[in-house]
Amino acid sequence: MELFVLGAFVAVLVACVAVGIPTAYALVAGLALFSVYAWRAGNSPRRVAEMCWHGVRPICRILGMLVTVGVLTGLWRAAGVIPAIVYYAVPLITPGLLLLMTFLLSCLVSVLTGTSFGTAATMGAICISIAASMDVPLVLAGGAALSGAFFGDRWSPISTSALLVANITGTDFYGNLRNMLRTAVVPFALTCLIYFVLGWLVPAGAAGADTAKALAAAFDLSPIVLVPPALVFALALARMDILLVIAAGIVSSVPLCLAVQGMGAADVLRTALFGFTAPTPETAALAGGGIASMVSAIAIVVITSTYAGIFEETGLLHGVEGVVARLSARMSPFAATLGISVLASAISCNQTLAIMLAHQLSRDLATSAEDHALDLEDSVVLVAGLVPWSIAGGVPLASMGAPIESMALAVFLYAVPLWRLATRLNPAPSCRPSCLV
């Protein structure tokens, strides 16, 4: 029965992807399917609802963070924070360095905003536009931008995926960030080297000055607009609560919107709710953010979190967990987690559910909660962006105007898990009795 239910869910997902129906509808259908399973297993409708709430309750903090990040990304656009970063960085881009700079600038913006979607819609879109004007293959530029977007999605003091991993594993958020640095240094350097070499191998023209001029004409880009990101990182380094860090980024950007960019109070509120509206066609790539931009993500997180509660309390995944346990006895915890992550990402169509499924199926493999959190960060958080039919990678590429084939050249997303496999930085422990179930 369990395999039939899971198979039906996968069939619904595949069908929705095949005919172009939004993934959210498939997830709602999945919720109905799993709820009926729980009810047929002898649980009352009230009990099924309690299961759903049990899954949602641990991520209420995540929902609050999604709302505040939406406000932050909207106000940082309006306050000139992101435009200033683009303005000061564009003159550094030369044809031979375009791919490397696309990766590095996307890394910077994704670390500042904590979102791959926001990075792709801003810096990614701008870099893709510059690549097109230089006749650089968009598949290469898209891969570099996607790599950079996921760098901060994985490692940022305001990353919602990093906070989700910390919450579900019961680990320290900042401790996880520190551990992630250890496994990312070499893959980051390797990614930079590959994009540097590819950049000089690909012939290109010159462009970018027009973008900088358009930003300078639309915004006041004095250095003071860089105060909010400086404050955010100072508080993050002081290990302040992450929601307080985001709140500080929001509060510090409001005076910039009012006094520096000349906005009215009503415009600031409208931007916080509905996102930033670009003042000129030349700056249209900067539009976005606001709570409205997070509504779809919030809905997906809520729906997929209910799955976790039903899975855990009905034993729907016990059969799969047994297979995982037997396989883990023959490989390292990370290798097993990576394999689970590929499967979870392929069937979930979004990063949130993939993370929660991978956690449930691999939580007993690592020797500590910290190791398990690192295994998730180095596997499913990145692998989710490599599934063509998943919104995790598909939406960022679509928003920046890059082809889906760019996933094949998102070097950083491959480099981290391959480096972990090659070096066995988290070697497999001796098999515990549970491995033999």
# chains A, B, ... in the order shown; residues from 1 in each chain; ligands from 1

call {"tool": "select_by_dssp", "arguments": {"residues": "segment 233-361 of chain A", "states": "alpha helix (DSSP H)", "output": "PyMOL selection string"}}
result
chain A and resi 233-237+242-255+265-274+295-314+318-328+333-348+351-361

call {"tool": "residues_around", "arguments": {"residues": "Gly124 of chain A", "least_positions_apart": "2", "cutoff": "8 Å", "atoms": "only C-alpha atoms", "output": "ChimeraX atom specification"}}
result
/A:102,106,119-122,126-128,142,145-146,149,400

call {"tool": "residues_around", "arguments": {"residues": "segment 404-413 of chain A", "least_positions_apart": "2", "cutoff": "9 Å", "atoms": "only C-alpha atoms", "output": "number ranges by chain"}}
result
A: 138-148, 150-151, 184, 187-188, 190-192, 194-195, 378-379, 382-383, 385-388, 393-394, 397-398, 402, 415-417

call {"tool": "residues_around", "arguments": {"residues": "Ala366 of chain A", "least_positions_apart": "4", "cutoff": "6 Å", "atoms": "only C-alpha atoms", "output": "JSON, numbers by chain"}}
result
{"A": [333, 371, 372]}

call {"tool": "atom_distance", "arguments": {"atom1": "atom CA of Trp389 of chain A", "atom2": "atom CA of Leu6 of chain A"}}
result
18.3 Å

call {"tool": "residues_around", "arguments": {"residues": "segment 240-250 of chain A", "least_positions_apart": "2", "cutoff": "12 Å", "atoms": "only C-alpha atoms", "output": "count of residues only"}}
result
59

call {"tool": "closest_residue", "arguments": {"among": "A:Leu177, A:Leu105, A:Ser35, A:Ile224", "to": "Arg239 of chain A", "atoms": "only C-alpha atoms"}}
result
A:Leu177

call {"tool": "closest_residue", "arguments": {"among": "A:Leu215, A:Cys60, A:Leu3, A:Ala29", "to": "Ala15 of chain A", "atoms": "only C-alpha atoms"}}
result
A:Ala29

call {"tool": "closest_residue", "arguments": {"among": "A:Leu164, A:Leu418, A:Met180, A:Cys107", "to": "Gly152 of chain A", "atoms": "only C-alpha atoms"}}
result
A:Cys107

call {"tool": "decode", "arguments": {"residues": "segment 95-106 of chain A", "atoms": "C-alpha atoms", "output": "CSV table (one decimal), in the first residue's frame"}}
result
chain,number,residue,atom,x,y,z
A,95,PRO,CA,35.2,39.9,-21.6
A,96,GLY,CA,37.7,37.3,-20.5
A,97,LEU,CA,36.6,37.6,-16.8
A,98,LEU,CA,32.9,37.6,-17.5
A,99,LEU,CA,32.1,34.0,-16.4
A,100,LEU,CA,34.3,34.3,-13.3
A,101,MET,CA,32.8,37.7,-12.3
A,102,THR,CA,29.3,36.4,-13.0
A,103,PHE,CA,30.0,33.6,-10.5
A,104,LEU,CA,31.7,35.8,-7.9
A,105,LEU,CA,29.1,38.6,-8.1
A,106,SER,CA,26.2,36.1,-7.9
